[in-house]
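Asks: Coordinates in upload_25.txt, compact mmCIF, C-alpha atoms, are listed below.
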```txt
# COMPACT_ATOMS: atom_id res chain seq x y z
CA MET A 1 22.11 179.27 -59.27
CA ALA A 2 18.76 177.56 -58.90
CA THR A 3 15.94 179.57 -57.40
CA LYS A 4 14.13 178.52 -54.27
CA LYS A 5 10.90 177.88 -56.19
CA TYR A 6 12.72 175.68 -58.71
CA LEU A 7 14.19 173.57 -55.93
CA GLU A 8 10.75 173.23 -54.33
CA LEU A 9 9.25 172.04 -57.62
CA GLN A 10 11.77 169.23 -57.89
CA ASP A 11 10.35 167.70 -54.72
CA PHE A 12 6.79 167.59 -56.11
CA SER A 13 5.37 164.43 -57.65
CA ASP A 14 4.03 164.48 -61.22
CA ALA A 15 0.42 164.57 -60.04
CA ASP A 16 1.20 167.40 -57.63
CA LEU A 17 2.83 169.40 -60.41
CA LYS A 18 -0.19 169.05 -62.68
CA SER A 19 -2.65 169.98 -59.95
CA GLU A 20 -0.48 172.94 -58.96
CA LEU A 21 -0.36 174.04 -62.60
CA GLU A 22 -4.15 173.91 -62.88
CA ALA A 23 -4.59 175.87 -59.65
CA THR A 24 -2.06 178.47 -60.73
CA GLU A 25 -3.73 178.90 -64.12
CA VAL A 26 -7.09 179.47 -62.40
CA GLN A 27 -5.45 182.02 -60.11
CA PHE A 28 -3.92 183.75 -63.16
CA GLN A 29 -7.31 184.01 -64.88
CA LYS A 30 -8.87 185.48 -61.73
CA LEU A 31 -6.07 188.03 -61.40
CA LYS A 32 -6.43 189.09 -65.03
CA PHE A 33 -10.18 189.48 -64.64
CA ASP A 34 -9.90 191.42 -61.39
CA HIS A 35 -7.25 193.67 -62.90
CA ALA A 36 -9.46 194.43 -65.91
CA VAL A 37 -12.55 195.10 -63.81
CA LYS A 38 -11.34 197.03 -60.79
CA GLY A 39 -7.56 197.04 -60.90
CA LEU A 40 -5.11 195.40 -58.53
CA ASP A 41 -3.16 196.93 -55.68
CA ASN A 42 -0.01 195.34 -57.05
CA PRO A 43 -0.25 194.45 -60.75
CA LEU A 44 3.18 192.82 -60.62
CA THR A 45 1.53 189.77 -59.04
CA ILE A 46 0.24 188.92 -62.53
CA ARG A 47 3.83 188.69 -63.74
CA GLU A 48 4.85 186.52 -60.79
CA VAL A 49 1.96 184.10 -61.37
CA ARG A 50 2.73 183.93 -65.08
CA ARG A 51 6.34 183.06 -64.29
CA ASP A 52 5.21 180.43 -61.80
CA ILE A 53 3.14 178.84 -64.58
CA ALA A 54 6.21 178.82 -66.81
CA ARG A 55 8.29 177.20 -64.06
CA LEU A 56 5.70 174.47 -63.58
CA GLN A 57 5.45 173.79 -67.31
CA THR A 58 9.23 173.68 -67.61
CA GLU A 59 9.56 171.15 -64.80
CA ILE A 60 6.81 168.96 -66.29
CA ARG A 61 8.52 169.03 -69.70
CA ARG A 62 11.95 168.35 -68.17
CA ARG A 63 10.55 165.22 -66.54
CA GLU A 64 8.91 164.12 -69.81
CA LEU A 65 12.24 164.42 -71.62
CA ALA A 66 14.04 162.56 -68.83
CA THR A 67 11.72 159.57 -69.24
CA MET A 68 12.04 159.42 -73.03
CA SER A 69 14.00 156.58 -74.57
CA GLU A 70 17.07 157.15 -76.75
CA GLU A 71 15.00 156.32 -79.82
CA GLU A 72 12.38 158.95 -79.00
CA LEU A 73 15.07 161.53 -78.30
CA ALA A 74 16.75 160.80 -81.61
CA LYS A 75 13.45 161.22 -83.45
CA ARG A 76 12.88 164.48 -81.62
CA SER A 77 16.32 165.72 -82.63
CA ARG A 78 15.67 164.96 -86.30
CA ILE A 79 12.41 166.89 -86.18
CA ARG A 80 14.11 169.85 -84.51
CA ASN A 81 16.90 169.82 -87.10
CA ARG A 82 14.36 169.87 -89.94
CA ARG A 83 12.65 172.88 -88.41
CA ARG A 84 15.89 174.84 -88.28
CA LYS A 85 16.43 174.64 -92.04
```
Show me, as structure tokens, the structure contained in the file I just sent.
Replies:
Amino acid sequence: MATKKYLELQDFSDADLKSELEATEVQFQKLKFDHAVKGLDNPLTIREVRRDIARLQTEIRRRELATMSEEELAKRSRIRNRRRK
């Protein structure tokens, strides 16, 4: 079952996704710094932000793959097959 955040990300435009990713990465850096300096009330927020970054990157990549042509996908598959050997 798709999570609520995943469904929300599907409604974003490409530009919105990239700006959200940048903002979330800045927030992650601030949280890491604050946690190292004085500690956080809830350190699990770092994990949640890190997972949000992963969700954003996954959605961006999914859209990139969806726009690829058959030729580009075939080339990508050959490269992936070579790496497996």
Asks: As an exercise, work out the distance from CA of Gln10 in chain A to CA of Ala23 in chain A in Å and give it to one decimal place.
Replies: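 A separation of 17.7 Å between them.
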Asks: So the first atom is CA of Val37 in chain A and the second is CA of Leu21 in chain A; what is the distance between them in Å, to one decimal place?
Replies: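 Separation between CA of Val37 in chain A and CA of Leu21 in chain A: 24.4 Å.
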Asks: Considering only C-alpha atoms, state which residue in the set A:Arg63, A:Lys5, A:Arg84, A:Arg50 is at the smallest distance from Lys32 in chain A.
Replies: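 Of the candidates, the smallest distance to Lys32 in chain A is held by A:Arg50.
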Asks: For range 15-19 of chain A, list every protein, DNA or RNA residue within 12 Å, evaluated using only C-alpha atoms, and leave out those in the same chain fewer than 2 positions away; present the list as a PyMOL selection string.
Replies: chain A and resi 6+8-13+21-26+52-61+63
Asks: List every residue of range 14-68 of chain A that has an atom at most 12 Å from any atom of range 73-82 of chain A, and for each one report the closest atom pair and its distance in Å to one decimal, counting only C-alpha atoms, with rows sorted by chain and then by increasing residue number, as a Markdown table.
Replies:
```
| residue | atom | partner | partner_atom | distance |
| --- | --- | --- | --- | --- |
| A:Glu64 | CA | A:Leu73 | CA | 10.8 |
| A:Leu65 | CA | A:Leu73 | CA | 7.8 |
| A:Ala66 | CA | A:Leu73 | CA | 9.6 |
| A:Thr67 | CA | A:Leu73 | CA | 9.9 |
| A:Met68 | CA | A:Leu73 | CA | 6.4 |
```
Asks: Just give me the gap between CA of Thr3 in chain A and CA of Leu31 in chain A in Å, one decimal is fine.
Replies: 23.9 Å
Asks: Need a file for range 20-65 of chain A from that block: N, CA and C atoms, written as an mmCIF file, in the first residue's frame.
Replies:
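The resulting file, selection.cif, is shown below:
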```
data_model
loop_
_atom_site.group_PDB
_atom_site.id
_atom_site.type_symbol
_atom_site.label_atom_id
_atom_site.label_comp_id
_atom_site.auth_asym_id
_atom_site.auth_seq_id
_atom_site.Cartn_x
_atom_site.Cartn_y
_atom_site.Cartn_z
ATOM 1 N N GLU A 20 11.777 21.053 -3.154
ATOM 2 C CA GLU A 20 11.486 20.370 -1.890
ATOM 3 C C GLU A 20 12.685 19.532 -1.444
ATOM 4 N N LEU A 21 13.349 18.899 -2.398
ATOM 5 C CA LEU A 21 14.537 18.107 -2.082
ATOM 6 C C LEU A 21 15.642 18.998 -1.513
ATOM 7 N N GLU A 22 15.870 20.130 -2.134
ATOM 8 C CA GLU A 22 16.893 21.053 -1.637
ATOM 9 C C GLU A 22 16.563 21.539 -0.236
ATOM 10 N N ALA A 23 15.308 21.900 -0.010
ATOM 11 C CA ALA A 23 14.901 22.387 1.312
ATOM 12 C C ALA A 23 15.042 21.295 2.367
ATOM 13 N N THR A 24 14.696 20.076 2.001
ATOM 14 C CA THR A 24 14.783 18.970 2.944
ATOM 15 C C THR A 24 16.239 18.635 3.263
ATOM 16 N N GLU A 25 17.117 18.733 2.271
ATOM 17 C CA GLU A 25 18.534 18.478 2.518
ATOM 18 C C GLU A 25 19.121 19.536 3.452
ATOM 19 N N VAL A 26 18.710 20.784 3.292
ATOM 20 C CA VAL A 26 19.162 21.853 4.193
ATOM 21 C C VAL A 26 18.662 21.575 5.607
ATOM 22 N N GLN A 27 17.419 21.176 5.716
ATOM 23 C CA GLN A 27 16.845 20.855 7.023
ATOM 24 C C GLN A 27 17.614 19.693 7.670
ATOM 25 N N PHE A 28 17.981 18.698 6.875
ATOM 26 C CA PHE A 28 18.731 17.544 7.379
ATOM 27 C C PHE A 28 20.092 17.974 7.921
ATOM 28 N N GLN A 29 20.782 18.848 7.185
ATOM 29 C CA GLN A 29 22.084 19.328 7.644
ATOM 30 C C GLN A 29 21.961 20.096 8.952
ATOM 31 N N LYS A 30 20.918 20.927 9.069
ATOM 32 C CA LYS A 30 20.700 21.679 10.307
ATOM 33 C C LYS A 30 20.429 20.739 11.480
ATOM 34 N N LEU A 31 19.601 19.718 11.236
ATOM 35 C CA LEU A 31 19.291 18.766 12.298
ATOM 36 C C LEU A 31 20.543 18.026 12.753
ATOM 37 N N LYS A 32 21.365 17.602 11.804
ATOM 38 C CA LYS A 32 22.596 16.899 12.160
ATOM 39 C C LYS A 32 23.516 17.790 12.978
ATOM 40 N N PHE A 33 23.635 19.054 12.577
ATOM 41 C CA PHE A 33 24.492 19.986 13.298
ATOM 42 C C PHE A 33 23.953 20.228 14.707
ATOM 43 N N ASP A 34 22.661 20.498 14.804
ATOM 44 C CA ASP A 34 22.056 20.747 16.110
ATOM 45 C C ASP A 34 22.190 19.538 17.028
ATOM 46 N N HIS A 35 22.053 18.355 16.460
ATOM 47 C CA HIS A 35 22.167 17.139 17.252
ATOM 48 C C HIS A 35 23.600 16.958 17.760
ATOM 49 N N ALA A 36 24.572 17.301 16.947
ATOM 50 C CA ALA A 36 25.972 17.165 17.360
ATOM 51 C C ALA A 36 26.341 18.207 18.411
ATOM 52 N N VAL A 37 25.788 19.401 18.295
ATOM 53 C CA VAL A 37 26.169 20.481 19.201
ATOM 54 C C VAL A 37 25.446 20.389 20.544
ATOM 55 N N LYS A 38 24.130 20.337 20.502
ATOM 56 C CA LYS A 38 23.390 20.392 21.768
ATOM 57 C C LYS A 38 22.430 19.239 21.972
ATOM 58 N N GLY A 39 22.263 18.397 20.967
ATOM 59 C CA GLY A 39 21.329 17.291 21.090
ATOM 60 C C GLY A 39 19.921 17.723 20.713
ATOM 61 N N LEU A 40 19.131 16.766 20.302
ATOM 62 C CA LEU A 40 17.742 17.034 19.922
ATOM 63 C C LEU A 40 16.800 16.401 20.940
ATOM 64 N N ASP A 41 15.621 16.981 21.066
ATOM 65 C CA ASP A 41 14.613 16.392 21.940
ATOM 66 C C ASP A 41 14.187 15.025 21.411
ATOM 67 N N ASN A 42 14.040 14.944 20.095
ATOM 68 C CA ASN A 42 13.639 13.690 19.464
ATOM 69 C C ASN A 42 14.590 13.396 18.309
ATOM 70 N N PRO A 43 15.630 12.603 18.542
ATOM 71 C CA PRO A 43 16.594 12.325 17.474
ATOM 72 C C PRO A 43 16.028 11.493 16.324
ATOM 73 N N LEU A 44 14.848 10.936 16.494
ATOM 74 C CA LEU A 44 14.242 10.161 15.409
ATOM 75 C C LEU A 44 13.801 11.049 14.255
ATOM 76 N N THR A 45 13.733 12.361 14.477
ATOM 77 C CA THR A 45 13.378 13.265 13.382
ATOM 78 C C THR A 45 14.444 13.231 12.288
ATOM 79 N N ILE A 46 15.701 12.951 12.676
ATOM 80 C CA ILE A 46 16.771 12.835 11.675
ATOM 81 C C ILE A 46 16.456 11.694 10.731
ATOM 82 N N ARG A 47 15.992 10.577 11.272
ATOM 83 C CA ARG A 47 15.658 9.423 10.443
ATOM 84 C C ARG A 47 14.489 9.743 9.508
ATOM 85 N N GLU A 48 13.489 10.427 10.034
ATOM 86 C CA GLU A 48 12.326 10.777 9.214
ATOM 87 C C GLU A 48 12.707 11.688 8.064
ATOM 88 N N VAL A 49 13.572 12.672 8.331
ATOM 89 C CA VAL A 49 14.005 13.594 7.275
ATOM 90 C C VAL A 49 14.841 12.855 6.242
ATOM 91 N N ARG A 50 15.703 11.955 6.701
ATOM 92 C CA ARG A 50 16.523 11.179 5.772
ATOM 93 C C ARG A 50 15.640 10.317 4.863
ATOM 94 N N ARG A 51 14.597 9.764 5.410
ATOM 95 C CA ARG A 51 13.676 8.955 4.604
ATOM 96 C C ARG A 51 12.870 9.821 3.639
ATOM 97 N N ASP A 52 12.536 11.027 4.064
ATOM 98 C CA ASP A 52 11.853 11.953 3.159
ATOM 99 C C ASP A 52 12.737 12.294 1.965
ATOM 100 N N ILE A 53 14.037 12.481 2.223
ATOM 101 C CA ILE A 53 14.983 12.749 1.133
ATOM 102 C C ILE A 53 15.001 11.566 0.175
ATOM 103 N N ALA A 54 15.026 10.365 0.703
ATOM 104 C CA ALA A 54 15.027 9.176 -0.142
ATOM 105 C C ALA A 54 13.743 9.083 -0.969
ATOM 106 N N ARG A 55 12.616 9.421 -0.366
ATOM 107 C CA ARG A 55 11.346 9.398 -1.106
ATOM 108 C C ARG A 55 11.364 10.387 -2.267
ATOM 109 N N LEU A 56 11.882 11.573 -1.994
ATOM 110 C CA LEU A 56 11.954 12.596 -3.041
ATOM 111 C C LEU A 56 12.872 12.153 -4.173
ATOM 112 N N GLN A 57 14.033 11.615 -3.828
ATOM 113 C CA GLN A 57 14.975 11.169 -4.851
ATOM 114 C C GLN A 57 14.388 10.016 -5.663
ATOM 115 N N THR A 58 13.665 9.141 -5.003
ATOM 116 C CA THR A 58 13.043 8.013 -5.700
ATOM 117 C C THR A 58 12.001 8.493 -6.700
ATOM 118 N N GLU A 59 11.184 9.441 -6.293
ATOM 119 C CA GLU A 59 10.150 9.965 -7.195
ATOM 120 C C GLU A 59 10.770 10.690 -8.383
ATOM 121 N N ILE A 60 11.843 11.454 -8.141
ATOM 122 C CA ILE A 60 12.531 12.144 -9.241
ATOM 123 C C ILE A 60 13.089 11.120 -10.218
ATOM 124 N N ARG A 61 13.725 10.077 -9.709
ATOM 125 C CA ARG A 61 14.305 9.047 -10.577
ATOM 126 C C ARG A 61 13.220 8.279 -11.320
ATOM 127 N N ARG A 62 12.105 7.994 -10.649
ATOM 128 C CA ARG A 62 11.006 7.273 -11.306
ATOM 129 C C ARG A 62 10.497 8.063 -12.500
ATOM 130 N N ARG A 63 10.402 9.381 -12.341
ATOM 131 C CA ARG A 63 9.943 10.225 -13.443
ATOM 132 C C ARG A 63 10.974 10.280 -14.567
ATOM 133 N N GLU A 64 12.261 10.283 -14.214
ATOM 134 C CA GLU A 64 13.304 10.267 -15.250
ATOM 135 C C GLU A 64 13.203 8.992 -16.075
ATOM 136 N N LEU A 65 13.025 7.863 -15.424
ATOM 137 C CA LEU A 65 12.919 6.590 -16.135
ATOM 138 C C LEU A 65 11.650 6.525 -16.981
#
```
